[in-house]
Amino acid sequence: MTKKEKAKIICKILDKLYPNPKIFLDHSDVFTLLVAVVLSAQATDKKVNEITKTLFKKASTPKDFVKIDLHELENIIKPIGLYKTKAKALKNLSKIILEKYNGKVPDTFEDLESLSGVGHKTASVVMIQGFNKDAFPVDTHIHRLSKRWGLTNGKTVKTTEKDLKEIFPKKSWKKLHLQFILFGREFCKAKSHKKENCPICKLF
């Protein structure tokens with residue numbers, strides 16, 4: 001079975017299980033999406049949503065984040081990992097967005113990845129979910145599943161992203177990266193995974 005043949009089967013199953021997946025991070029615009037994605041590194045979406053409920057009442061624009069006291073920001077986001085690093089990054093990226101991009105989140109990979117605390121995966125999520133531009137964000141779930149399903153050699157996230165972009169049609173990327181994550185959480189976990197119980201793994 002070729003990778004493209006596998007891809008068709010995978011899409012069919014994922015579309016049946018998760019026909020309309022929604023992004024897991026609560027946000028009201030592209031900037032709050034960017035903030036939530038930065039906070040989500042090494043943290044659960046659930047925990048990030050709990051924190052942003054409070055955070056976005058205090059600060060929800062680049063101007064707000066520049067003004068907010070660093071210690072106050074740290075205290076709000078303290079329950080999630082790397083809070084000191086993330087607080088500094090959020091203040092710095094907000095300053096850059098105000099000064100260099102007139103208060104608007106930039107919409108290219110190059111500009112997004114030049115912001116403090118924004119790596120390629122974060123930029124990918126903002127590009128596809130915030131701006132509806134072609135991107136295929138790859139997290140640990142997607143990396144794991146792609147390897148298990150023989151869609152990539154799985155050596156690096158970068159390789160996995162490149163391989164998936166070649167296998168799946170562009171129009172499916174926005175929905176597909178969310179479907180992969182949902183499937184990974186429900187059926188294809190990292191630990192205690194039984195191939196015979198997995199609706200996709202058992203087919204390949």
# chains A, B, ... in the order shown; residues from 1 in each chain; ligands from 1
call {"tool": "closest_atom_pairs", "arguments": {"of": "range 1-68 of chain A", "to": "range 111-116 of chain A", "cutoff": "12 Å", "atoms": "only C-alpha atoms", "output": "JSON lines"}}
result
{"residue": "A:Val30", "atom": "CA", "partner": "A:Leu112", "partner_atom": "CA", "distance": 11.8}
{"residue": "A:Phe31", "atom": "CA", "partner": "A:Leu112", "partner_atom": "CA", "distance": 11.4}
{"residue": "A:Leu34", "atom": "CA", "partner": "A:Leu112", "partner_atom": "CA", "distance": 9.5}
{"residue": "A:Val35", "atom": "CA", "partner": "A:Ser116", "partner_atom": "CA", "distance": 11.2}
{"residue": "A:Val38", "atom": "CA", "partner": "A:Ser116", "partner_atom": "CA", "distance": 9.4}
call {"tool": "residues_around", "arguments": {"residues": "Cys201 in chain A", "least_positions_apart": "4", "cutoff": "10 Å", "atoms": "only C-alpha atoms", "output": "NGL selection string"}}
result
:A and (10 or 145 or 148-150 or 187-188 or 193-197)
call {"tool": "write_last_selection", "arguments": {"atoms": "C-alpha atoms", "output": "PDB file, in the first residue's frame"}}
result
ATOM      1  CA  ILE A  10      -6.770   7.747   7.192  1.00  0.00           C
ATOM      2  CA  LEU A 145       1.084   8.830  14.632  1.00  0.00           C
ATOM      3  CA  ARG A 148       3.292   4.474  13.490  1.00  0.00           C
ATOM      4  CA  TRP A 149       1.325   4.660  10.264  1.00  0.00           C
ATOM      5  CA  GLY A 150       4.446   4.499   8.105  1.00  0.00           C
ATOM      6  CA  PHE A 187      -6.992   6.001  20.374  1.00  0.00           C
ATOM      7  CA  CYS A 188      -3.276   6.168  19.728  1.00  0.00           C
ATOM      8  CA  HIS A 193      -0.953   1.489  23.038  1.00  0.00           C
ATOM      9  CA  LYS A 194      -2.455  -1.724  21.661  1.00  0.00           C
ATOM     10  CA  LYS A 195      -2.292  -1.889  17.878  1.00  0.00           C
ATOM     11  CA  GLU A 196      -5.273  -4.248  17.636  1.00  0.00           C
ATOM     12  CA  ASN A 197      -7.518  -1.724  19.458  1.00  0.00           C
TER      13      ASN A 197
END
call {"tool": "residues_around", "arguments": {"residues": "Phe56 in chain A", "least_positions_apart": "2", "cutoff": "10 Å", "atoms": "only C-alpha atoms", "output": "number ranges by chain"}}
result
A: 27-28, 32, 35-36, 51-54, 58-61, 64-65
call {"tool": "write_last_selection", "arguments": {"atoms": "C-alpha atoms", "output": "CSV table (one decimal), in the first residue's frame"}}
result
chain,number,residue,atom,x,y,z
A,27,HIS,CA,-9.0,32.9,21.7
A,28,SER,CA,-10.9,35.9,20.2
A,32,THR,CA,-4.9,36.0,21.5
A,35,VAL,CA,-0.5,34.2,23.0
A,36,ALA,CA,-2.4,30.9,23.7
A,51,ILE,CA,-5.2,30.6,32.6
A,52,THR,CA,-6.2,32.7,29.5
A,53,LYS,CA,-9.7,33.1,31.0
A,54,THR,CA,-8.1,35.3,33.7
A,58,LYS,CA,-6.2,41.8,32.1
A,59,ALA,CA,-4.4,41.8,28.8
A,60,SER,CA,-5.6,40.9,25.3
A,61,THR,CA,-3.8,43.3,23.0
A,64,ASP,CA,-1.9,45.6,27.2
A,65,PHE,CA,1.0,43.1,27.3
call {"tool": "residues_around", "arguments": {"residues": "Lys88 in chain A", "least_positions_apart": "5", "cutoff": "10 Å", "atoms": "only C-alpha atoms", "output": "number ranges by chain"}}
result
A: 70-71, 73-74, 83, 93-94, 116-117
call {"tool": "residues_around", "arguments": {"residues": "range 1-5 of chain A", "least_positions_apart": "3", "cutoff": "8 Å", "atoms": "only C-alpha atoms", "output": "ChimeraX atom specification"}}
result
/A:8-9,150-151,167-168
call {"tool": "atom_distance", "arguments": {"atom1": "CA of His177 in chain A", "atom2": "CA of Ala41 in chain A"}}
result
16.5 Å
call {"tool": "atom_distance", "arguments": {"atom1": "CA of Ala135 in chain A", "atom2": "CA of Leu33 in chain A"}}
result
15.5 Å
call {"tool": "select_by_dssp", "arguments": {"residues": "range 1-201 of chain A", "states": "alpha helix (DSSP H)", "output": "number ranges by chain"}}
result
A: 3-17, 30-39, 45-58, 62-67, 70-77, 83-101, 109-113, 120-125, 140-148, 157-167, 173-186
call {"tool": "residues_around", "arguments": {"residues": "Lys155 in chain A", "least_positions_apart": "6", "cutoff": "12 Å", "atoms": "only C-alpha atoms", "output": "number ranges by chain"}}
result
A: 143-144, 146-147, 161-163
call {"tool": "closest_residue", "arguments": {"among": "A:Leu178, A:Leu39, A:Leu17, A:Val126", "to": "Pro79 in chain A", "atoms": "only C-alpha atoms"}}
result
A:Leu39
call {"tool": "atom_distance", "arguments": {"atom1": "CA of Lys121 in chain A", "atom2": "CA of Gln179 in chain A"}}
result
16.4 Å
call {"tool": "closest_residue", "arguments": {"among": "A:Lys104, A:Lys78, A:Lys16, A:Lys133", "to": "Lys171 in chain A", "atoms": "only C-alpha atoms"}}
result
A:Lys133
call {"tool": "closest_residue", "arguments": {"among": "A:Lys67, A:Tyr101, A:Lys174, A:Ile96", "to": "Asp134 in chain A", "atoms": "only C-alpha atoms"}}
result
A:Lys174
call {"tool": "decode", "arguments": {"residues": "range 16-108 of chain A", "atoms": "C-alpha atoms", "output": "PDB file, in the first residue's frame"}}
result
ATOM      1  CA  LYS A  16     -16.004  10.058  10.221  1.00  0.00           C
ATOM      2  CA  LEU A  17     -14.698  10.361  13.798  1.00  0.00           C
ATOM      3  CA  TYR A  18     -14.076  14.123  13.844  1.00  0.00           C
ATOM      4  CA  PRO A  19     -16.018  15.798  11.005  1.00  0.00           C
ATOM      5  CA  ASN A  20     -15.667  19.383  12.295  1.00  0.00           C
ATOM      6  CA  PRO A  21     -12.704  19.675  14.670  1.00  0.00           C
ATOM      7  CA  LYS A  22     -12.250  23.032  16.395  1.00  0.00           C
ATOM      8  CA  ILE A  23      -8.945  24.453  17.598  1.00  0.00           C
ATOM      9  CA  PHE A  24      -8.512  23.540  21.266  1.00  0.00           C
ATOM     10  CA  LEU A  25      -7.177  26.896  22.508  1.00  0.00           C
ATOM     11  CA  ASP A  26      -9.684  29.615  23.437  1.00  0.00           C
ATOM     12  CA  HIS A  27      -9.024  32.914  21.656  1.00  0.00           C
ATOM     13  CA  SER A  28     -10.892  35.878  20.190  1.00  0.00           C
ATOM     14  CA  ASP A  29      -8.491  37.047  17.461  1.00  0.00           C
ATOM     15  CA  VAL A  30      -5.101  36.297  15.902  1.00  0.00           C
ATOM     16  CA  PHE A  31      -3.146  37.969  18.711  1.00  0.00           C
ATOM     17  CA  THR A  32      -4.874  36.046  21.519  1.00  0.00           C
ATOM     18  CA  LEU A  33      -4.386  32.872  19.460  1.00  0.00           C
ATOM     19  CA  LEU A  34      -0.653  33.630  19.242  1.00  0.00           C
ATOM     20  CA  VAL A  35      -0.491  34.199  23.023  1.00  0.00           C
ATOM     21  CA  ALA A  36      -2.350  30.940  23.731  1.00  0.00           C
ATOM     22  CA  VAL A  37      -0.089  28.929  21.402  1.00  0.00           C
ATOM     23  CA  VAL A  38       3.066  30.394  23.000  1.00  0.00           C
ATOM     24  CA  LEU A  39       1.686  29.443  26.435  1.00  0.00           C
ATOM     25  CA  SER A  40       0.806  25.920  25.265  1.00  0.00           C
ATOM     26  CA  ALA A  41       4.441  24.778  24.897  1.00  0.00           C
ATOM     27  CA  GLN A  42       4.907  21.895  27.381  1.00  0.00           C
ATOM     28  CA  ALA A  43       1.445  22.562  28.841  1.00  0.00           C
ATOM     29  CA  THR A  44      -1.998  21.076  28.281  1.00  0.00           C
ATOM     30  CA  ASP A  45      -4.613  22.982  26.285  1.00  0.00           C
ATOM     31  CA  LYS A  46      -6.988  22.628  29.235  1.00  0.00           C
ATOM     32  CA  LYS A  47      -4.542  24.346  31.599  1.00  0.00           C
ATOM     33  CA  VAL A  48      -3.825  27.102  29.056  1.00  0.00           C
ATOM     34  CA  ASN A  49      -7.568  27.773  28.624  1.00  0.00           C
ATOM     35  CA  GLU A  50      -7.975  28.027  32.417  1.00  0.00           C
ATOM     36  CA  ILE A  51      -5.179  30.605  32.583  1.00  0.00           C
ATOM     37  CA  THR A  52      -6.169  32.665  29.541  1.00  0.00           C
ATOM     38  CA  LYS A  53      -9.666  33.069  30.989  1.00  0.00           C
ATOM     39  CA  THR A  54      -8.062  35.275  33.667  1.00  0.00           C
ATOM     40  CA  LEU A  55      -5.205  36.587  31.534  1.00  0.00           C
ATOM     41  CA  PHE A  56      -7.303  37.923  28.657  1.00  0.00           C
ATOM     42  CA  LYS A  57      -9.424  39.965  31.085  1.00  0.00           C
ATOM     43  CA  LYS A  58      -6.225  41.758  32.142  1.00  0.00           C
ATOM     44  CA  ALA A  59      -4.403  41.795  28.810  1.00  0.00           C
ATOM     45  CA  SER A  60      -5.626  40.892  25.333  1.00  0.00           C
ATOM     46  CA  THR A  61      -3.754  43.263  22.996  1.00  0.00           C
ATOM     47  CA  PRO A  62      -0.047  43.923  22.332  1.00  0.00           C
ATOM     48  CA  LYS A  63      -0.440  47.308  24.103  1.00  0.00           C
ATOM     49  CA  ASP A  64      -1.884  45.571  27.197  1.00  0.00           C
ATOM     50  CA  PHE A  65       1.023  43.116  27.328  1.00  0.00           C
ATOM     51  CA  VAL A  66       3.609  45.896  27.042  1.00  0.00           C
ATOM     52  CA  LYS A  67       1.922  47.754  29.935  1.00  0.00           C
ATOM     53  CA  ILE A  68       1.301  44.802  32.282  1.00  0.00           C
ATOM     54  CA  ASP A  69       3.851  44.384  35.066  1.00  0.00           C
ATOM     55  CA  LEU A  70       6.155  41.406  34.435  1.00  0.00           C
ATOM     56  CA  HIS A  71       5.616  39.963  37.928  1.00  0.00           C
ATOM     57  CA  GLU A  72       1.855  40.255  37.600  1.00  0.00           C
ATOM     58  CA  LEU A  73       2.029  38.440  34.260  1.00  0.00           C
ATOM     59  CA  GLU A  74       4.263  35.742  35.768  1.00  0.00           C
ATOM     60  CA  ASN A  75       1.818  35.227  38.642  1.00  0.00           C
ATOM     61  CA  ILE A  76      -1.133  34.783  36.282  1.00  0.00           C
ATOM     62  CA  ILE A  77       0.631  32.202  34.089  1.00  0.00           C
ATOM     63  CA  LYS A  78       2.579  30.550  36.930  1.00  0.00           C
ATOM     64  CA  PRO A  79       0.475  27.315  36.951  1.00  0.00           C
ATOM     65  CA  ILE A  80       1.923  26.345  33.549  1.00  0.00           C
ATOM     66  CA  GLY A  81       5.501  25.335  32.788  1.00  0.00           C
ATOM     67  CA  LEU A  82       8.300  27.767  31.880  1.00  0.00           C
ATOM     68  CA  TYR A  83       6.199  30.699  33.071  1.00  0.00           C
ATOM     69  CA  LYS A  84       9.154  33.097  33.539  1.00  0.00           C
ATOM     70  CA  THR A  85      10.453  32.488  30.009  1.00  0.00           C
ATOM     71  CA  LYS A  86       6.959  32.714  28.536  1.00  0.00           C
ATOM     72  CA  ALA A  87       6.128  35.955  30.396  1.00  0.00           C
ATOM     73  CA  LYS A  88       9.288  37.623  29.032  1.00  0.00           C
ATOM     74  CA  ALA A  89       8.596  36.292  25.525  1.00  0.00           C
ATOM     75  CA  LEU A  90       5.017  37.615  25.551  1.00  0.00           C
ATOM     76  CA  LYS A  91       6.134  41.078  26.643  1.00  0.00           C
ATOM     77  CA  ASN A  92       8.929  41.151  24.046  1.00  0.00           C
ATOM     78  CA  LEU A  93       6.838  39.870  21.128  1.00  0.00           C
ATOM     79  CA  SER A  94       4.106  42.401  21.993  1.00  0.00           C
ATOM     80  CA  LYS A  95       6.664  45.222  21.911  1.00  0.00           C
ATOM     81  CA  ILE A  96       7.933  44.071  18.487  1.00  0.00           C
ATOM     82  CA  ILE A  97       4.379  43.730  17.115  1.00  0.00           C
ATOM     83  CA  LEU A  98       3.603  47.295  18.250  1.00  0.00           C
ATOM     84  CA  GLU A  99       6.831  48.872  17.052  1.00  0.00           C
ATOM     85  CA  LYS A 100       7.558  46.928  13.877  1.00  0.00           C
ATOM     86  CA  TYR A 101       4.137  45.721  12.702  1.00  0.00           C
ATOM     87  CA  ASN A 102       1.862  48.565  13.780  1.00  0.00           C
ATOM     88  CA  GLY A 103       0.126  46.435  16.419  1.00  0.00           C
ATOM     89  CA  LYS A 104      -0.880  43.674  13.986  1.00  0.00           C
ATOM     90  CA  VAL A 105       0.369  40.083  14.129  1.00  0.00           C
ATOM     91  CA  PRO A 106       2.538  39.490  11.020  1.00  0.00           C
ATOM     92  CA  ASP A 107       1.284  36.907   8.532  1.00  0.00           C
ATOM     93  CA  THR A 108       4.468  35.345   7.158  1.00  0.00           C
TER      94      THR A 108
END
